[in-house]
Structure formats: structure tokens, C-alpha cells
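Source file run_23.cif; content: mmCIF, C-alpha atoms.
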```cif
data_data
loop_
_atom_site.label_atom_id
_atom_site.label_comp_id
_atom_site.auth_asym_id
_atom_site.auth_seq_id
_atom_site.Cartn_x
_atom_site.Cartn_y
_atom_site.Cartn_z
CA MET A 1 89.03 96.42 132.89
CA ILE A 2 90.89 93.82 130.82
CA PRO A 3 91.64 95.69 127.57
CA ILE A 4 90.83 94.29 124.14
CA ALA A 5 94.37 95.19 122.99
CA CYS A 6 97.63 95.93 124.75
CA PRO A 7 100.83 96.69 122.78
CA GLN A 8 103.78 94.77 124.21
CA ILE A 9 106.61 97.30 124.41
CA GLY A 10 109.70 96.46 126.44
CA ALA A 11 113.29 97.45 127.09
CA GLU A 12 114.43 96.21 123.67
CA GLU A 13 112.07 98.56 121.86
CA GLU A 14 113.02 101.47 124.10
CA ALA A 15 116.74 100.91 123.50
CA ALA A 16 116.26 100.58 119.73
CA VAL A 17 114.31 103.82 119.44
CA LEU A 18 116.73 105.68 121.69
CA ALA A 19 119.65 104.52 119.55
CA VAL A 20 117.99 105.99 116.46
CA LEU A 21 117.30 109.27 118.23
CA ARG A 22 120.96 109.49 119.22
CA SER A 23 122.14 108.59 115.71
CA GLY A 24 120.67 111.71 114.14
CA VAL A 25 119.12 109.65 111.28
CA ILE A 26 115.43 109.75 112.15
CA ALA A 27 113.63 109.65 108.79
CA GLN A 28 113.87 106.82 106.26
CA GLY A 29 117.37 105.38 106.55
CA PRO A 30 119.37 102.25 107.41
CA GLN A 31 116.90 100.93 109.99
CA VAL A 32 114.14 100.92 107.38
CA ALA A 33 116.33 98.90 105.01
CA CYS A 34 117.17 96.41 107.79
CA PHE A 35 113.52 96.07 108.73
CA GLU A 36 112.54 95.44 105.11
CA GLN A 37 115.16 92.71 104.78
CA ALA A 38 114.10 91.02 108.01
CA PHE A 39 110.40 91.21 107.13
CA ALA A 40 111.00 89.79 103.65
CA ALA A 41 112.94 86.89 105.16
CA HIS A 42 110.15 86.25 107.64
CA CYS A 43 107.58 86.07 104.82
CA GLY A 44 109.82 84.02 102.54
CA VAL A 45 109.79 86.61 99.75
CA ARG A 46 112.48 88.52 97.85
CA TYR A 47 111.33 92.05 98.63
CA ALA A 48 109.57 94.04 101.33
CA VAL A 49 108.82 97.75 101.04
CA ALA A 50 108.07 99.71 104.21
CA VAL A 51 105.40 102.41 104.10
CA SER A 52 103.58 104.75 106.46
CA SER A 53 100.46 102.66 107.15
CA GLY A 54 98.54 99.55 106.21
CA THR A 55 96.20 101.72 104.15
CA ALA A 56 99.17 103.12 102.23
CA ALA A 57 100.33 99.54 101.63
CA LEU A 58 97.01 98.59 100.02
CA HIS A 59 96.81 101.81 97.99
CA LEU A 60 100.34 101.52 96.60
CA ALA A 61 100.04 97.78 95.93
CA LEU A 62 97.00 98.41 93.76
CA LEU A 63 98.71 101.27 91.92
CA ALA A 64 101.86 99.19 91.39
CA HIS A 65 99.72 96.58 89.63
CA GLY A 66 98.25 99.22 87.33
CA ILE A 67 94.78 99.23 88.89
CA GLY A 68 92.87 102.38 87.94
CA PRO A 69 89.70 103.91 86.53
CA GLY A 70 87.36 101.44 84.83
CA ASP A 71 88.79 98.45 86.73
CA GLU A 72 87.06 96.31 89.33
CA VAL A 73 88.69 94.61 92.30
CA ILE A 74 86.86 91.77 94.03
CA THR A 75 87.04 91.94 97.80
CA THR A 76 85.07 91.36 100.98
CA PRO A 77 82.57 93.72 102.59
CA PHE A 78 83.48 92.36 106.02
CA SER A 79 86.72 94.15 106.90
CA PHE A 80 88.03 97.53 107.96
CA ILE A 81 86.92 100.13 105.44
CA ALA A 82 90.47 100.77 104.17
CA THR A 83 90.31 97.45 102.29
CA ALA A 84 87.71 99.02 99.99
CA THR A 85 88.60 102.71 100.10
CA SER A 86 92.15 101.91 98.94
CA ILE A 87 90.50 100.62 95.75
CA LEU A 88 88.46 103.80 95.39
CA LEU A 89 91.62 105.88 95.78
CA THR A 90 92.98 104.38 92.56
CA GLY A 91 89.81 105.29 90.65
CA ALA A 92 88.78 101.63 90.45
CA ARG A 93 85.63 100.14 91.95
CA PRO A 94 85.33 97.45 94.64
CA ARG A 95 83.08 94.51 93.80
CA PHE A 96 81.92 92.93 97.04
CA VAL A 97 81.50 89.18 97.49
CA ASP A 98 79.98 87.53 100.54
CA LEU A 99 81.97 85.59 103.10
CA ASP A 100 82.36 82.00 104.15
CA PRO A 101 80.59 81.97 107.54
CA GLN A 102 83.10 79.62 109.15
CA SER A 103 86.34 81.47 108.39
CA PHE A 104 84.83 84.98 107.87
CA ASN A 105 86.94 85.15 104.69
CA LEU A 106 85.94 85.45 101.02
CA ASP A 107 83.95 82.50 99.69
CA PRO A 108 85.87 81.39 96.56
CA LYS A 109 82.72 79.95 94.94
CA LEU A 110 81.09 83.37 95.07
CA VAL A 111 84.28 85.02 93.83
CA ALA A 112 84.27 82.84 90.73
CA ALA A 113 80.72 83.95 89.89
CA ALA A 114 81.59 87.63 90.37
CA ILE A 115 84.49 87.86 87.90
CA THR A 116 83.74 90.06 84.88
CA PRO A 117 85.83 91.47 82.00
CA ALA A 118 86.42 94.55 84.20
CA THR A 119 87.94 92.49 87.03
CA LYS A 120 91.66 93.15 87.35
CA ALA A 121 92.55 91.89 90.84
CA LEU A 122 91.44 89.82 93.79
CA LEU A 123 91.91 91.38 97.21
CA PRO A 124 91.21 88.74 99.88
CA VAL A 125 91.52 89.60 103.56
CA HIS A 126 93.06 87.15 106.04
CA LEU A 127 90.52 88.28 108.60
CA TYR A 128 91.30 88.11 112.32
CA GLY A 129 94.57 86.33 111.45
CA HIS A 130 92.93 83.32 109.72
CA PRO A 131 94.35 82.85 106.18
CA ALA A 132 91.92 82.90 103.30
CA ASP A 133 91.56 79.90 100.95
CA MET A 134 94.61 80.72 98.86
CA ASP A 135 94.53 77.54 96.76
CA ALA A 136 91.07 78.28 95.40
CA LEU A 137 91.61 82.03 95.10
CA GLY A 138 95.06 81.61 93.58
CA ALA A 139 93.66 79.22 90.96
CA LEU A 140 91.03 81.80 90.00
CA ALA A 141 93.63 84.57 89.77
CA ALA A 142 95.88 82.42 87.57
CA HIS A 143 93.03 81.28 85.31
CA TYR A 144 91.70 84.79 84.69
CA GLY A 145 95.05 86.61 84.74
CA LEU A 146 94.21 88.67 87.83
CA ALA A 147 96.60 90.33 90.25
CA MET A 148 96.56 88.81 93.74
CA ILE A 149 96.79 91.43 96.48
CA GLU A 150 96.58 90.02 100.01
CA ASP A 151 95.21 92.18 102.79
CA ALA A 152 97.30 90.61 105.53
CA ALA A 153 96.88 93.56 107.90
CA GLN A 154 95.84 91.23 110.74
CA ALA A 155 97.83 88.16 109.73
CA VAL A 156 101.56 88.66 110.22
CA GLY A 157 102.97 85.23 111.11
CA ALA A 158 99.99 83.26 109.80
CA THR A 159 100.53 80.43 107.32
CA TYR A 160 98.47 78.60 104.71
CA LYS A 161 99.71 75.07 104.01
CA GLY A 162 103.06 76.07 105.44
CA ARG A 163 103.43 79.26 103.38
CA PRO A 164 103.37 82.63 105.12
CA THR A 165 100.65 85.11 104.34
CA GLY A 166 102.02 87.80 102.06
CA SER A 167 103.87 85.26 99.89
CA PHE A 168 101.03 84.33 97.52
CA GLY A 169 100.93 87.61 95.63
CA THR A 170 101.54 91.15 96.79
CA GLY A 171 101.08 91.18 100.57
CA CYS A 172 99.91 94.23 102.52
CA PHE A 173 100.52 94.36 106.27
CA SER A 174 99.51 96.86 108.93
CA LEU A 175 101.83 97.71 111.80
CA TYR A 176 99.33 99.85 113.69
CA ALA A 177 99.54 100.07 117.48
CA THR A 178 97.05 97.24 118.15
CA LYS A 179 98.39 94.77 115.58
CA ASN A 180 100.32 91.60 116.49
CA ILE A 181 103.53 93.58 116.05
CA THR A 182 103.63 97.35 115.83
CA THR A 183 105.61 100.35 114.68
CA GLY A 184 102.95 102.70 116.11
CA GLU A 185 101.76 103.53 112.62
CA GLY A 186 103.23 101.80 109.60
CA GLY A 187 102.81 99.19 106.93
CA MET A 188 104.76 96.73 104.82
CA ILE A 189 104.32 95.39 101.29
CA THR A 190 105.81 92.04 100.28
CA THR A 191 106.44 90.69 96.78
CA ASN A 192 108.64 88.40 94.71
CA ASP A 193 108.32 90.68 91.68
CA GLU A 194 111.31 92.98 91.20
CA GLN A 195 109.38 95.40 88.97
CA ILE A 196 106.54 95.70 91.48
CA ALA A 197 109.03 96.33 94.29
CA ASP A 198 110.77 99.03 92.26
CA ARG A 199 107.48 100.74 91.45
CA LEU A 200 106.43 100.61 95.10
CA ARG A 201 109.64 102.35 96.16
CA LEU A 202 109.00 105.09 93.62
CA LEU A 203 105.36 105.52 94.61
CA ARG A 204 106.14 105.87 98.32
CA ASN A 205 108.75 108.57 97.68
CA HIS A 206 107.18 111.18 95.38
CA GLY A 207 108.00 109.11 92.31
CA SER A 208 111.71 109.68 92.90
CA ARG A 209 114.72 107.40 93.10
CA VAL A 210 117.26 110.25 92.70
CA ARG A 211 116.64 113.33 94.80
CA TYR A 212 114.72 116.05 92.93
CA HIS A 213 114.23 113.79 89.89
CA HIS A 214 110.62 112.57 89.67
CA GLU A 215 109.59 109.82 87.25
CA LEU A 216 105.91 109.49 88.11
CA LEU A 217 103.17 110.78 90.38
CA GLY A 218 104.02 109.52 93.83
CA TYR A 219 103.26 110.08 97.50
CA ASN A 220 104.99 110.74 100.79
CA PHE A 221 104.26 107.31 102.27
CA ARG A 222 107.70 106.65 103.76
CA MET A 223 108.44 104.95 107.07
CA MET A 224 110.78 106.58 109.59
CA ASP A 225 113.86 104.92 111.06
CA LEU A 226 112.27 105.41 114.49
CA GLN A 227 109.38 103.21 113.43
CA ALA A 228 111.62 100.66 111.75
CA ALA A 229 113.79 100.29 114.86
CA LEU A 230 110.65 99.60 116.88
CA GLY A 231 109.49 97.14 114.21
CA LEU A 232 112.78 95.21 114.21
CA ALA A 233 112.56 94.73 117.97
CA GLN A 234 108.93 93.63 117.66
CA LEU A 235 109.63 91.25 114.77
CA ALA A 236 112.24 89.49 116.89
CA LYS A 237 109.46 88.75 119.41
CA LEU A 238 106.78 87.74 116.92
CA GLU A 239 107.09 83.99 117.52
CA VAL A 240 106.74 84.50 121.27
CA PHE A 241 103.76 86.84 120.80
CA THR A 242 102.09 84.41 118.42
CA ALA A 243 102.59 81.45 120.73
CA ALA A 244 100.96 83.41 123.55
CA ARG A 245 97.99 84.37 121.37
CA ARG A 246 97.51 80.77 120.30
CA ALA A 247 97.75 79.55 123.89
CA ASN A 248 95.15 82.09 125.00
CA ALA A 249 92.88 81.12 122.11
CA ALA A 250 93.23 77.41 122.93
CA TYR A 251 92.34 78.11 126.56
CA PHE A 252 89.18 79.98 125.55
CA THR A 253 88.16 77.30 123.09
CA ALA A 254 88.54 74.62 125.77
CA LYS A 255 86.87 76.54 128.61
CA ILE A 256 83.99 78.54 127.08
CA THR A 257 80.84 76.46 127.43
CA HIS A 258 77.97 78.96 127.11
CA PRO A 259 75.35 77.48 124.73
CA ARG A 260 74.78 80.74 122.83
CA LEU A 261 78.43 81.42 122.08
CA SER A 262 80.00 79.96 118.94
CA LYS A 263 83.78 79.78 119.18
CA PRO A 264 86.14 80.39 116.24
CA GLN A 265 87.64 77.39 114.52
CA THR A 266 90.39 76.94 111.96
CA TYR A 267 89.56 75.34 108.61
CA GLY A 268 92.06 73.57 106.41
CA ASP A 269 95.82 73.44 106.81
CA VAL A 270 96.28 76.91 108.29
CA GLN A 271 98.06 78.45 111.26
CA HIS A 272 95.84 81.17 112.74
CA VAL A 273 97.57 84.00 114.61
CA TYR A 274 94.49 85.26 116.49
CA HIS A 275 94.77 88.96 115.94
CA GLN A 276 91.23 88.68 117.23
CA TYR A 277 89.45 85.83 119.01
CA THR A 278 85.97 86.38 117.65
CA LEU A 279 82.81 84.75 118.99
CA ARG A 280 79.37 84.68 117.44
CA VAL A 281 76.65 85.56 119.93
CA ALA A 282 73.25 83.98 119.29
CA GLY A 283 71.09 86.59 120.95
CA ASP A 284 71.53 90.20 121.91
CA ARG A 285 75.22 90.71 121.15
CA ASP A 286 75.27 94.29 122.40
CA ALA A 287 73.70 93.28 125.71
CA ALA A 288 76.38 90.60 126.03
CA ALA A 289 79.09 93.21 125.49
CA ARG A 290 77.56 95.43 128.17
CA TYR A 291 77.37 92.51 130.61
CA LEU A 292 81.02 91.62 130.00
CA ALA A 293 82.05 95.24 130.52
CA ASP A 294 80.25 95.16 133.88
CA GLN A 295 82.37 92.09 134.69
CA GLY A 296 85.57 93.95 133.83
CA VAL A 297 86.11 92.36 130.42
CA GLY A 298 86.73 94.62 127.45
CA THR A 299 85.36 93.54 124.08
CA ALA A 300 85.08 95.00 120.58
CA ILE A 301 83.02 94.48 117.45
CA PHE A 302 84.96 93.93 114.23
CA TYR A 303 82.87 95.03 112.31
CA PRO A 304 79.43 96.43 113.22
CA ILE A 305 78.56 97.72 109.73
CA PRO A 306 79.63 95.88 106.57
CA ILE A 307 81.43 98.11 104.10
CA HIS A 308 78.71 97.93 101.44
CA GLN A 309 76.23 99.38 103.96
CA GLN A 310 78.41 102.31 104.97
CA GLN A 311 77.04 105.73 104.02
CA LEU A 312 79.98 106.36 101.68
CA PHE A 313 79.17 103.29 99.60
CA ARG A 314 75.41 103.84 99.66
CA GLU A 315 76.04 107.29 98.20
CA LEU A 316 78.22 105.67 95.53
CA GLY A 317 75.23 103.59 94.48
CA TYR A 318 75.98 100.28 96.20
CA THR A 319 72.78 98.38 96.92
CA ASP A 320 74.25 94.91 97.54
CA HIS A 321 72.52 92.50 99.89
CA LEU A 322 75.17 90.19 101.31
CA PRO A 323 73.37 88.20 103.99
CA LYS A 324 76.27 86.30 105.51
CA SER A 325 78.31 89.46 106.06
CA GLU A 326 75.27 91.28 107.42
CA GLN A 327 74.55 88.45 109.85
CA ALA A 328 78.17 88.34 110.98
CA ALA A 329 78.04 92.09 111.68
CA ARG A 330 75.11 91.49 114.04
CA GLU A 331 76.72 88.57 115.87
CA VAL A 332 80.51 88.95 116.17
CA LEU A 333 82.18 89.88 119.43
CA ALA A 334 85.95 89.90 119.96
CA LEU A 335 87.61 89.03 123.26
CA PRO A 336 91.01 90.06 124.60
CA VAL A 337 93.53 87.50 123.31
CA HIS A 338 96.72 89.57 123.34
CA PRO A 339 100.02 88.31 124.84
CA GLY A 340 99.65 90.55 127.88
CA LEU A 341 96.85 88.45 129.39
CA SER A 342 97.66 86.81 132.71
CA ALA A 343 96.28 83.47 133.90
CA THR A 344 93.96 85.43 136.18
CA ASP A 345 92.76 87.51 133.24
CA ARG A 346 91.93 84.40 131.24
CA GLU A 347 90.02 82.89 134.14
CA GLN A 348 88.07 86.13 134.62
CA ILE A 349 87.18 86.30 130.92
CA VAL A 350 85.93 82.70 130.82
CA ALA A 351 83.96 83.06 134.07
CA ALA A 352 82.24 86.18 132.74
CA LEU A 353 81.38 84.52 129.43
CA ASN A 354 80.02 81.35 130.98
CA SER A 355 77.85 83.37 133.38
CA LEU A 356 76.17 85.38 130.60
CA PRO A 357 72.39 85.43 130.93
CA LEU A 358 70.62 83.29 128.33
CA LEU A 359 69.87 86.25 126.11
CA GLU A 360 66.87 86.09 123.83
CA THR A 361 67.62 86.00 120.15
CA THR A 362 66.89 89.40 118.68
CA ALA A 363 64.43 89.78 115.82
CA VAL A 364 67.06 91.09 113.40
CA GLY A 365 69.45 88.22 114.08
CA ALA A 366 66.82 85.50 114.03
#
```

How does this structure look as C-alpha cells?
Amino acid sequence: MIPIACPQIGAEEEAAVLAVLRSGVIAQGPQVACFEQAFAAHCGVRYAVAVSSGTAALHLALLAHGIGPGDEVITTPFSFIATATSILLTGARPRFVDLDPQSFNLDPKLVAAAITPATKALLPVHLYGHPADMDALGALAAHYGLAMIEDAAQAVGATYKGRPTGSFGTGCFSLYATKNITTGEGGMITTNDEQIADRLRLLRNHGSRVRYHHELLGYNFRMMDLQAALGLAQLAKLEVFTAARRANAAYFTAKITHPRLSKPQTYGDVQHVYHQYTLRVAGDRDAAARYLADQGVGTAIFYPIPIHQQQLFRELGYTDHLPKSEQAAREVLALPVHPGLSATDREQIVAALNSLPLLETTAVGA
């Protein structure tokens, strides 16, 4: 089976982690500081703050901007649930806006209509590695005085009009095992605001900058030196990984010809990093996934249930009907696009896709 994801760990990562183990400094230490500096340079920002996960990055970014009870944060329902639950963790409330069906990202026109006096931040997601429309969203944030918090969990290395994701506001990255680069678990927050960076460092470390002196309510959301050493080795390979993902995506776009498969496209002056290569299946998507599995091709659905339809949010009183997100949840199917694919793998994936039966369109997706 060709896996949907395959972390690329080599001798450099092994040597880096072993060096930390031998150093005796395993928790947050000099490797974390080096990783933060390298990540900030990569994103073209002044500061990067390493944390324990992408979810922690979102949570702390919101807190650092003063988001709390009574506030609303506009975001997408078509993402991993942490995008929205990180808002709930602050005491604020997500306000969901439907997506642009081409990019799968927030539709800025709908965002503009959703802003209320309670809105305090925009939280766009650069879904699948395709940057959101940061000109339009940034203009809205500036006009209404809103914080801009980018969920760039899937978009390390992506650019919008030449600017890296994570440089338009406060950027939140995931370094989970299946991401484009990994620290196993981990996250990173990027910013040009010195006060935000200082508050983030306090929040991740029990509200403390001097040991046993605590200025505010904080958390244990630190990154270990072991993780940072792995991240430094991975970051050095990011350009190579990204080039491989883009080459794989270009191959699929050129070779997939099945009439019921809609291939992803890029829109505007963006550089997609293809964390996922996501098709739309016009027909029985789940039957297509089963057929591909029988052909030895792993797939995944990101995401089968929009956040506003999750039980948690239904119980919180959410009754939104967001048709474009709901349709996407019925149709999307992600292919393996990771750098570990061989030429034979790519050929097998395309052959399987192009031999799919002409599946009838299901009633719910019609």
C-alpha cells in the first residue's frame, strides 16, 4: 500500500537527536533557540516561539492577542477541529464562514458580511498548503482593527505574492509527524511584534521568565531540545521536500484524466506546498477510496465532517448551514503526494485513478 503520508527521516536527523541525548540538555535549551531563529529567518519575521504542538500555537496566539470571553473569531468550518477548539479554549466563540470552493479557503466576501462588534480576530487557514487570500483578508483586518492569526499548520514554505505564510500576522505552524517538516509533535508561532513574542514566551512557560517567579496564568507548552534538533535538520531539507511535493503534484495534474475527478488548482500569485493533493470526486467518493485501496493506493479524507456539524458544536448551539463546506466534505479525497513517492508509485497512483469505474453521483452530493 502506498501510504498517504511518510515522514522523511534520515541520517542527519538521527545524528542531531543523538547529539542532544549525549549533551545532557534534553528539555528546552539551546537547540530550541537555534530552531526559533532559523524558523523566523525562513518566514521573514523577527520572532518565532517554539511550542509543544500546532494546537498550542493557535491557543497561545489567541491568548497573546487578548482574545477571551465575549469575543468572536471568524474562521473556517473546513479544517481540523483544533482551528476552532483553540478559540473555545480562550472562552471566545468561533464564527464560521463558508469557503471559496476553488481554494478551499475562507471566502473574503463572506468574511466581510460576518464581522460584528464582537469580532476581535480573523483566523484564516492556509488549507492543504494553499495560501488564503491575504490581500483581501488583511484589508478587512486593518479596516476593522482585527488581529490576524494565520493557521499555517499545513503551509510551511508556502508564499502569497512572494511573502511566506506566517508573515502577515501571527502565524501558527504544526510540526506533527505527517506535516511537510516534523518534530514528531510540536508547533511554532511567528510574529513581528515584540510584545506578542514576549507574551507567548511567558504563556508557554507557566507565566514565568525567571524561575519560580510567575507573572500570569501560563501553561507547560514548551518544546524539547530533542524536538528542536530534529526540526533544524528537517528545516534544512524543506526546499528539497517542497520541490518534490510540487513535482509530484504537477505529475498528477498532467496525468489524471478521469472525467469525474476535479484536480486542485492554484489561484492568484501563490506558491502551494501541497501538504495534501486533494481531488473532488463527482460520485461516490467513499467507493472511490475503497477502489483505490484495492489497487494499493492509500487515500484520506480531510475533512469528512465540517466543524460546525461536529457533535461538540451542535451541543454548543451551532445550527449553521454552510453549503460549500458541506459539499466539500462529501467530495474531497487526498492522494499521497509526499517526497517519498517513487516514479513507480506515481505511475501506480495515476493508473488506479484513471481506471476508476464511472461512479454514479450520490443523492447527497447531487

- [ ] Work out how far apart atom CA of Leu216 of chain A and atom CA of Ile189 of chain A are and give it in Å to one decimal.
- [x] 19.4 Å

TODO: For the structure shown, which residues end up in the PyMOL selection byres ((chain A and resi 264) around 12)? Put them as an MDAnalysis selection string, please?
DONE: chainID A and resid 101:104 127:130 249:250 252:254 256 261:263 265:267 272 274 276:281 332:335

Open item on the list: Between A:Leu230, A:Val73, A:Ala282, A:Leu316, which residue has the minimum interatomic distance to His258 of chain A, considering all atoms listed in the file?
Closed with: A:Ala282

Task: Pick from A:Ala38, A:Leu122, A:Ala113, A:Ala328, whichever lies nearest to Met134 of chain A using only C-alpha atoms - done: A:Leu122

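With distances restricted to only C-alpha atoms, A:Val297 is the closest residue to Asp345 of chain A from A:Val297, A:Val51, A:Ala244, A:Ala287.
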
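For the pair atom CA of Val350 of chain A and atom CA of Gly10 of chain A, the separation is 27.8 Å.
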
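Distances from A:Arg163, A:Arg245, A:His308, A:His213 to Ser79 of chain A were compared using only C-alpha atoms, and the smallest one belongs to A:His308.
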
Open item on the list: Residue by residue, what does the PyMOL selection byres ((chain A and resi 75) around 7) grab here? Present the result as a PyMOL selection string.
Closed with: chain A and resi 73-74+76-77+94-97+122-124

Task: Selection dump of the PyMOL selection byres ((chain A and resi 121) around 9), as a ChimeraX atom specification - done: /A:62,65,67,71-75,119-120,122-123,141,145-149

TODO: Show which residues sit within 12 Å of Arg199 of chain A, as a ChimeraX atom specification. Count only C-alpha atoms, and ignore same-chain residues fewer than 5 positions away.
DONE: /A:47,49,60-66,189,191,193-194,204-209,215-219

What does the file look like for those residues with C-alpha atoms, as a PDB file, keeping the file's coordinate frame?
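Written output follows (selection.pdb):
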```
ATOM      1  CA  TYR A  47     111.330  92.050  98.630  1.00  0.00           C
ATOM      2  CA  VAL A  49     108.820  97.750 101.040  1.00  0.00           C
ATOM      3  CA  LEU A  60     100.340 101.520  96.600  1.00  0.00           C
ATOM      4  CA  ALA A  61     100.040  97.780  95.930  1.00  0.00           C
ATOM      5  CA  LEU A  62      97.000  98.410  93.760  1.00  0.00           C
ATOM      6  CA  LEU A  63      98.710 101.270  91.920  1.00  0.00           C
ATOM      7  CA  ALA A  64     101.860  99.190  91.390  1.00  0.00           C
ATOM      8  CA  HIS A  65      99.720  96.580  89.630  1.00  0.00           C
ATOM      9  CA  GLY A  66      98.250  99.220  87.330  1.00  0.00           C
ATOM     10  CA  ILE A 189     104.320  95.390 101.290  1.00  0.00           C
ATOM     11  CA  THR A 191     106.440  90.690  96.780  1.00  0.00           C
ATOM     12  CA  ASP A 193     108.320  90.680  91.680  1.00  0.00           C
ATOM     13  CA  GLU A 194     111.310  92.980  91.200  1.00  0.00           C
ATOM     14  CA  ARG A 204     106.140 105.870  98.320  1.00  0.00           C
ATOM     15  CA  ASN A 205     108.750 108.570  97.680  1.00  0.00           C
ATOM     16  CA  HIS A 206     107.180 111.180  95.380  1.00  0.00           C
ATOM     17  CA  GLY A 207     108.000 109.110  92.310  1.00  0.00           C
ATOM     18  CA  SER A 208     111.710 109.680  92.900  1.00  0.00           C
ATOM     19  CA  ARG A 209     114.720 107.400  93.100  1.00  0.00           C
ATOM     20  CA  GLU A 215     109.590 109.820  87.250  1.00  0.00           C
ATOM     21  CA  LEU A 216     105.910 109.490  88.110  1.00  0.00           C
ATOM     22  CA  LEU A 217     103.170 110.780  90.380  1.00  0.00           C
ATOM     23  CA  GLY A 218     104.020 109.520  93.830  1.00  0.00           C
ATOM     24  CA  TYR A 219     103.260 110.080  97.500  1.00  0.00           C
TER      25      TYR A 219
END
```

With N, CA and C atoms as the goal, would you fill in the gaps in segment 266-277 of chain A and present it as a PDB file, keeping the file's coordinate frame?
```pdb
ATOM      1  N   THR A 266      89.566  76.826 113.162  1.00  0.00           N
ATOM      2  CA  THR A 266      90.390  76.940 111.960  1.00  0.00           C
ATOM      3  C   THR A 266      89.918  75.901 110.958  1.00  0.00           C
ATOM      4  N   TYR A 267      90.047  76.217 109.676  1.00  0.00           N
ATOM      5  CA  TYR A 267      89.560  75.340 108.610  1.00  0.00           C
ATOM      6  C   TYR A 267      90.672  75.146 107.604  1.00  0.00           C
ATOM      7  N   GLY A 268      90.988  73.873 107.342  1.00  0.00           N
ATOM      8  CA  GLY A 268      92.060  73.570 106.410  1.00  0.00           C
ATOM      9  C   GLY A 268      93.405  73.616 107.106  1.00  0.00           C
ATOM     10  N   ASP A 269      94.446  73.489 106.304  1.00  0.00           N
ATOM     11  CA  ASP A 269      95.820  73.440 106.810  1.00  0.00           C
ATOM     12  C   ASP A 269      96.342  74.866 106.976  1.00  0.00           C
ATOM     13  N   VAL A 270      95.875  75.529 108.043  1.00  0.00           N
ATOM     14  CA  VAL A 270      96.280  76.910 108.290  1.00  0.00           C
ATOM     15  C   VAL A 270      96.797  77.034 109.717  1.00  0.00           C
ATOM     16  N   GLN A 271      97.614  78.056 109.915  1.00  0.00           N
ATOM     17  CA  GLN A 271      98.060  78.450 111.260  1.00  0.00           C
ATOM     18  C   GLN A 271      97.528  79.851 111.523  1.00  0.00           C
ATOM     19  N   HIS A 272      96.511  79.924 112.351  1.00  0.00           N
ATOM     20  CA  HIS A 272      95.840  81.170 112.740  1.00  0.00           C
ATOM     21  C   HIS A 272      96.732  81.904 113.742  1.00  0.00           C
ATOM     22  N   VAL A 273      96.769  83.240 113.649  1.00  0.00           N
ATOM     23  CA  VAL A 273      97.570  84.000 114.610  1.00  0.00           C
ATOM     24  C   VAL A 273      96.719  84.816 115.576  1.00  0.00           C
ATOM     25  N   TYR A 274      95.400  84.678 115.496  1.00  0.00           N
ATOM     26  CA  TYR A 274      94.490  85.260 116.490  1.00  0.00           C
ATOM     27  C   TYR A 274      94.774  86.734 116.774  1.00  0.00           C
ATOM     28  N   HIS A 275      94.813  87.514 115.701  1.00  0.00           N
ATOM     29  CA  HIS A 275      94.770  88.960 115.940  1.00  0.00           C
ATOM     30  C   HIS A 275      93.513  89.287 116.738  1.00  0.00           C
ATOM     31  N   GLN A 276      92.440  88.611 116.419  1.00  0.00           N
ATOM     32  CA  GLN A 276      91.230  88.680 117.230  1.00  0.00           C
ATOM     33  C   GLN A 276      90.739  87.259 117.499  1.00  0.00           C
ATOM     34  N   TYR A 277      90.187  87.055 118.692  1.00  0.00           N
ATOM     35  CA  TYR A 277      89.450  85.830 119.010  1.00  0.00           C
ATOM     36  C   TYR A 277      87.980  86.230 118.986  1.00  0.00           C
TER      37      TYR A 277
END
```
